[in-house]
Number of protein chains: 2
Amino acid sequence: MAEHRHEDGPAEIHSIDARTGERREAVARATDPAALDASCRRAEALTGALEALGRQGRARLLEAMADALEAQRSGLVPLADAETALGETRLNGELTRTAFQLRFFAEVLRDGAYLEATIDHAGDTPMGPRPDLRRMLRPLGPVAVFGASNFPFAFSVPGGDTASALAAGCPVLVKAHEAHPATSLACQNALRSGAEAAGVSPDVVQLVFGVEAGARLVRHDAIRAVGFTGSLHGGRALFDLASARSEPIPFYGELGALNAVAVLPGAAAQRGLEIASGLAGSFTLGVGQFCTKPGLVLVPSGAAGDRLVSALAEAVGGLQSAVMLTARIAEAFANGAAALRSAAGVRVLAEGGAPSQATGTAGRPLLLEADSGQFSGVLTEECFGPVLVVVRYGSDAELAELIATLPTALTATVHAEENEVEGARPVLAAVEARAGRIVWNGYPTGVAVAWAMHHGGAYPATTDPLHTSVGATAIRRWLRPVAYQSLPAGLLPEELREPMPGAAIPRRIDGKLSLG
Amino acid sequence: MAEHRHEDGPAEIHSIDARTGERREAVARATDPAALDASCRRAEALTGALEALGRQGRARLLEAMADALEAQRSGLVPLADAETALGETRLNGELTRTAFQLRFFAEVLRDGAYLEATIDHAGDTPMGPRPDLRRMLRPLGPVAVFGASNFPFAFSVPGGDTASALAAGCPVLVKAHEAHPATSLACQNALRSGAEAAGVSPDVVQLVFGVEAGARLVRHDAIRAVGFTGSLHGGRALFDLASARSEPIPFYGELGALNAVAVLPGAAAQRGLEIASGLAGSFTLGVGQFCTKPGLVLVPSGAAGDRLVSALAEAVGGLQSAVMLTARIAEAFANGAAALRSAAGVRVLAEGGAPSQATGTAGRPLLLEADSGQFSGVLTEECFGPVLVVVRYGSDAELAELIATLPTALTATVHAEENEVEGARPVLAAVEARAGRIVWNGYPTGVAVAWAMHHGGAYPATTDPLHTSVGATAIRRWLRPVAYQSLPAGLLPEELREPMPGAAIPRRIDGKLSLG
């Protein structure tokens, strides 16, 4: 717990060393209602200025923020490592990704297609004359972002939600995650210095501390949308608050998922050992603290499947326990793993080495097997941490039945040989209906930042099945359409004028898309 | 009330003659839970087949449905007129619009840009190698549509929600509105005959009757999204049901709005009489039963404004009462108008002629004036029917203050002369923040079906500020992204293959949009 209440004021937020459990300096006090309101009003007042920067101005802002983050790499990475125990190699890569993400949204802005600029000139229709109509997307207004525990950079203060919201023209209030308050503050300061370098008010990104302040943020009338990455429990509670407002607002929650991997018989026979090794690496990467961690693998019965499972068990047995993000997350994992172990029809296949000292925060890799006939309940739910459940299937029909019982997830993975592609169609159709991303002969834990990436899925994977938190279209979550009917040219946003000032962008004119 | 419960079974749904109040034949019984479940399961089972028709197949389906509706025009229009009293001229126009809408979505399908097909080939990035990624939008699954009282064709069974959902590949269950059950049934039959002509299962559109069945529909696990057009009260209740599900689903409710009209001083001076005449026509069109009805006009104080208001009062005094859609709507209007009349600072400026006979369902045109200093509460809410409130303003600053108190709406209208354009920027900025469509020197009641149209706005105008129920992008409400990582070409949807079979569509390849 990083929040402690004093007798004489709001709770202090402390930084905790993830490896030692040591409570370090107080980073801030929990944001009180008056300070929260002032921050929200500042954000509201800045919305017009942020949009008025234009796409080029906001692109420069994002690039300056990326530069500032990288300039402070040598301070940020050790700080995040102390708070999360994720290791400097991983955190260096994550910081690189975070800066890349900010620059990627600068590219999205310069491209301009995201605005969906559309012009219908006045004309006749079967229903009579039609006025001049022009439509594009405009910023929603101030946005609340809830940083994730497991990505102190890429899904937290300077992460994809913040980058896409600023790109859209929406000021951001980030609720700092209790797992890494000092990193959150340092990241905010880096973003603010980037904003200043770009000549923009640093208040386009503000921080909020404390669970209560987070809940109040979701209910604040200035907030127009919420981005959240975290647990099903916490995310659903905030979703319910957002939906119950007198004026409900969109809530984009990414709540984690059971990410199933189906191994077809040919793949088990041809690449069983390789798949075993790949899976062992994937489900224990980052101590299993990924929302895309594979939580279930469906393996064919028979000798090839046996060899795969044996190799997997051997690999897991050779792994070490590792420190998890927080004591609370380690405790939740221990409880979840215990519930899985005691579920009907479940056997332990392998465990990693026990923690070398009693820090209380280590996650021990765990490989379980569950009977296919008893695969239900807790077995179909995400357990955040290094645990993987093996279920064996006897036939194509049984595989299809098992997949049909799975909840919706962020990803689903299929391993198959070339000669199994045609036979895999029913499996593919089943997983397509249940996942936002289909991975073929790979592992789900890598989520590239790219135009074609999607990170989402129907509930419980996310609270909104239409939207994504990774990739170019993440920006659309923060935009609303506005149509202009017969507006004088001088009052139109420049992207809707003819000719358009500056570099052309894709626009649809009289029904025909043009690249400009 | 069109729903009557019998002792021995589910309630009968009767058609009511809007002009006489006569209760006519029973059209159906309220859908019982077992029948509702069977309909939902049929829709679920059809999702794959509807998507498998492909864009061309669904385009032909929509065109066949449009043909069938028009072929049955001579039966549909009198039936709708008896149930709604909207008049055959208006209803003929509405049927034309409805058929146009279906064909418009066929055009959207053939264009194909709506899929957002995106291909990122495998390659190197600053974070290391990236796999092949391909993304497009896929149908969500069965959709529930709640028909509106005031558009028996265009926003009901064969309306924009149904057309866009079928285009997306989603089977539709329509909850028939109590105001026009016989029209709903006849429209469903027309759509089903269109489906059969196109060789498609007629069950892609099914009807549900009764308020209870509607609520059950929103909670049914097969339903993946809801489209609703109607009242704030009813819409919010269903939105709350959708949000409270164990697996929440998107709810796209269009709940009506106070659509403000601001007349700048120059426009009042130059075109006061013309604006008065235009406004009188707009707020009483269809007996004021439009979600885009102007409910408030802001008029400058002084002689020009006086002349405008006098002319408006004179025009309203010359109008007749007219039959409303249902006795319940007429009663709600009478209550709403009484509440407005008794609000502080409100005076009656004019009334239309009293109803010629006591049908109990006529709406009497009403023009009110409210003091600008007392403009709040009930005055800022929609009153569904032929009532318009005039508020006078003394200065630009007072106009801006008044606009800042307005709730979000579907539209906002500005009347200004050419020499007022520059001075209108602050007014425009204020209304842009509060409306989904800005109308310049026009009236909000016409909503063209066009690529650039938007019909929506933040709550209370709609429950989801990102989406629209009119225009090409209405289709996006029923689509979810799916990304494919390293999938074999033969398993990809054809729109993601290279080369793509059939006619090219716009795609983004390696970050670059191409028209194909």
# chains A, B, ... in the order shown; residues from 1 in each chain; ligands from 1

call {"tool": "interface_residues", "arguments": {"of": "chain B", "to": "chain A", "cutoff": "7 Å", "atoms": "only C-alpha atoms", "output": "PyMOL selection string"}}
result
chain B and resi 93+97+118-120+127+130+133-135+243+247-248+250+436-440+448+451-454+459-460+463-466+479-487+511

call {"tool": "select_by_dssp", "arguments": {"residues": "range 118-359 of chain A", "states": "strand (DSSP E or B)", "output": "number ranges by chain"}}
result
A: 118-120, 123-125, 128-130, 133-139, 143-146, 172-175, 205-208, 225-229, 251-254, 259-263, 294-300, 320, 322-323, 346-351, 353

call {"tool": "closest_residue", "arguments": {"among": "A:Pro78, A:Gly253, A:Pro300, A:Pro202", "to": "Asp161 in chain A", "atoms": "only C-alpha atoms"}}
result
A:Gly253

call {"tool": "residues_around", "arguments": {"residues": "Thr380 in chain B", "least_positions_apart": "4", "cutoff": "12 Å", "atoms": "only C-alpha atoms", "output": "ChimeraX atom specification"}}
result
/B:257-260,294-297,340,343,370,372,374-376,388-391,402-409,460

call {"tool": "select_by_dssp", "arguments": {"residues": "range 425-454 of chain A", "states": "helix (DSSP H, G or I)", "output": "list in words"}}
result
Arg425, Pro426, Val427, Leu428, Ala429, Ala430, Val431 and Glu432 of chain A

call {"tool": "closest_residue", "arguments": {"among": "A:Met500, A:Ala186, A:Ala176, A:Ala338", "to": "Val77 in chain A", "atoms": "only C-alpha atoms"}}
result
A:Ala186

call {"tool": "residues_around", "arguments": {"residues": "range 279-290 of chain A", "least_positions_apart": "4", "cutoff": "9 Å", "atoms": "only C-alpha atoms", "output": "PyMOL selection string"}}
result
chain A and resi 86-87+90+149-151+256+274-275+294-295+297+312-313+315-316+319+321-325+362-365+384-388+443-446

call {"tool": "write_last_selection", "arguments": {"atoms": "C-alpha atoms", "output": "PDB file, in the first residue's frame"}}
result
ATOM      1  CA  LEU A  86      11.113  -4.833 -14.143  1.00  0.00           C
ATOM      2  CA  GLY A  87      14.819  -4.502 -14.875  1.00  0.00           C
ATOM      3  CA  ARG A  90      13.138  -4.023 -20.277  1.00  0.00           C
ATOM      4  CA  SER A 149       0.973  -0.891 -12.815  1.00  0.00           C
ATOM      5  CA  ASN A 150       2.883  -3.006 -15.297  1.00  0.00           C
ATOM      6  CA  PHE A 151       4.073  -0.415 -17.834  1.00  0.00           C
ATOM      7  CA  GLY A 256      -6.953  -7.907 -19.187  1.00  0.00           C
ATOM      8  CA  GLU A 274      10.157 -24.910 -29.979  1.00  0.00           C
ATOM      9  CA  ILE A 275       6.574 -24.065 -28.978  1.00  0.00           C
ATOM     10  CA  PRO A 294      -1.008 -16.440 -22.561  1.00  0.00           C
ATOM     11  CA  GLY A 295      -3.015 -18.013 -19.744  1.00  0.00           C
ATOM     12  CA  VAL A 297      -2.704 -23.550 -24.002  1.00  0.00           C
ATOM     13  CA  LEU A 312       7.159 -27.099 -21.233  1.00  0.00           C
ATOM     14  CA  ALA A 313       7.187 -28.554 -17.708  1.00  0.00           C
ATOM     15  CA  ALA A 315      11.417 -25.401 -19.009  1.00  0.00           C
ATOM     16  CA  VAL A 316       9.181 -24.076 -16.242  1.00  0.00           C
ATOM     17  CA  LEU A 319      12.828 -20.930 -14.238  1.00  0.00           C
ATOM     18  CA  SER A 321      10.842 -16.859  -9.102  1.00  0.00           C
ATOM     19  CA  ALA A 322      11.031 -13.129  -9.666  1.00  0.00           C
ATOM     20  CA  VAL A 323       9.947 -10.013  -7.841  1.00  0.00           C
ATOM     21  CA  MET A 324       6.501  -8.760  -8.848  1.00  0.00           C
ATOM     22  CA  LEU A 325       5.466  -5.132  -9.188  1.00  0.00           C
ATOM     23  CA  ALA A 362       8.064 -12.813  -5.696  1.00  0.00           C
ATOM     24  CA  GLY A 363       5.941 -14.623  -8.278  1.00  0.00           C
ATOM     25  CA  ARG A 364       6.805 -18.307  -8.726  1.00  0.00           C
ATOM     26  CA  PRO A 365       6.235 -19.676 -12.264  1.00  0.00           C
ATOM     27  CA  PHE A 384      -2.246 -11.825 -13.452  1.00  0.00           C
ATOM     28  CA  GLY A 385       1.178 -13.386 -13.053  1.00  0.00           C
ATOM     29  CA  PRO A 386       3.357 -16.280 -14.258  1.00  0.00           C
ATOM     30  CA  VAL A 387       0.825 -19.106 -14.508  1.00  0.00           C
ATOM     31  CA  LEU A 388      -0.205 -21.108 -17.563  1.00  0.00           C
ATOM     32  CA  TYR A 443       3.207 -15.457 -29.037  1.00  0.00           C
ATOM     33  CA  PRO A 444       0.803 -12.751 -27.919  1.00  0.00           C
ATOM     34  CA  THR A 445       3.025 -10.823 -25.504  1.00  0.00           C
ATOM     35  CA  GLY A 446       4.566  -8.440 -28.050  1.00  0.00           C
TER      36      GLY A 446
END

call {"tool": "residues_around", "arguments": {"residues": "Glu63 in chain A", "least_positions_apart": "5", "cutoff": "10 Å", "atoms": "only C-alpha atoms", "output": "list of chain:residue names"}}
result
A:Gly57, A:Arg58, A:Ala68, A:Leu69, A:Ala99, A:Phe100, A:Gln101, A:Leu102, A:Arg103, A:Phe104, A:Phe105, A:Ala106, A:Glu107, A:Gly194, A:Ala195, A:Ala198

call {"tool": "write_last_selection", "arguments": {"atoms": "C-alpha atoms", "output": "mmCIF file, in the first residue's frame"}}
result
data_model
loop_
_atom_site.group_PDB
_atom_site.id
_atom_site.type_symbol
_atom_site.label_atom_id
_atom_site.label_comp_id
_atom_site.auth_asym_id
_atom_site.auth_seq_id
_atom_site.Cartn_x
_atom_site.Cartn_y
_atom_site.Cartn_z
ATOM 1 C CA GLY A 57 1.751 22.381 -33.566
ATOM 2 C CA ARG A 58 0.584 19.312 -31.703
ATOM 3 C CA ALA A 68 12.489 15.289 -23.236
ATOM 4 C CA LEU A 69 11.730 11.731 -22.120
ATOM 5 C CA ALA A 99 9.075 7.938 -27.194
ATOM 6 C CA PHE A 100 8.383 6.133 -30.477
ATOM 7 C CA GLN A 101 4.660 6.177 -29.634
ATOM 8 C CA LEU A 102 4.688 9.944 -29.106
ATOM 9 C CA ARG A 103 6.460 10.437 -32.449
ATOM 10 C CA PHE A 104 4.105 7.968 -34.107
ATOM 11 C CA PHE A 105 1.125 10.134 -33.155
ATOM 12 C CA ALA A 106 2.988 13.120 -34.587
ATOM 13 C CA GLU A 107 3.040 11.141 -37.851
ATOM 14 C CA GLY A 194 8.827 19.039 -23.423
ATOM 15 C CA ALA A 195 5.683 21.158 -23.557
ATOM 16 C CA ALA A 198 7.471 23.532 -27.650
#

call {"tool": "atom_distance", "arguments": {"atom1": "CA of Asp17 in chain B", "atom2": "CA of Ala190 in chain B"}}
result
21.7 Å

call {"tool": "atom_distance", "arguments": {"atom1": "CA of Phe153 in chain A", "atom2": "CA of Arg55 in chain A"}}
result
24.2 Å

call {"tool": "closest_residue", "arguments": {"among": "A:Arg497, A:Arg24, A:His415, A:Arg507", "to": "His180 in chain A", "atoms": "only C-alpha atoms"}}
result
A:Arg24

call {"tool": "atom_distance", "arguments": {"atom1": "CA of Leu399 in chain A", "atom2": "CA of Leu264 in chain A"}}
result
9.1 Å

call {"tool": "closest_residue", "arguments": {"among": "A:Ala303, A:Ala71, A:Val204, A:Cys383", "to": "Ala330 in chain A", "atoms": "only C-alpha atoms"}}
result
A:Cys383

call {"tool": "closest_residue", "arguments": {"among": "B:Gly210, B:Gly199, B:Pro152, B:Ala215", "to": "Leu53 in chain B", "atoms": "only C-alpha atoms"}}
result
B:Gly199

call {"tool": "residues_around", "arguments": {"residues": "Gly272 in chain B", "least_positions_apart": "2", "cutoff": "9 Å", "atoms": "only C-alpha atoms", "output": "list in words"}}
result
Val263, Ala267, Ala268, Ala269, Gln270, Glu274, Ile275, Ala276, Ser277, Ala304, Gly305, Arg307, Leu308, Val309 and Ala311 of chain B

call {"tool": "residues_around", "arguments": {"residues": "Ser301 in chain A", "least_positions_apart": "5", "cutoff": "7 Å", "atoms": "only C-alpha atoms", "output": "ChimeraX atom specification"}}
result
/A:306,392-394

call {"tool": "write_last_selection", "arguments": {"atoms": "N, CA and C atoms", "output": "tab-separated table (two decimals), in the first residue's frame"}}
result
chain	number	residue	atom	x	y	z
A	306	ASP	N	2.24	-34.90	-25.72
A	306	ASP	CA	2.93	-35.27	-24.47
A	306	ASP	C	4.35	-34.69	-24.46
A	392	ARG	N	-5.69	-30.51	-22.54
A	392	ARG	CA	-5.50	-31.42	-23.68
A	392	ARG	C	-6.83	-31.64	-24.38
A	393	TYR	N	-6.78	-31.73	-25.71
A	393	TYR	CA	-8.01	-32.02	-26.47
A	393	TYR	C	-7.79	-33.26	-27.33
A	394	GLY	N	-8.89	-34.00	-27.55
A	394	GLY	CA	-8.75	-35.25	-28.27
A	394	GLY	C	-9.07	-35.18	-29.74
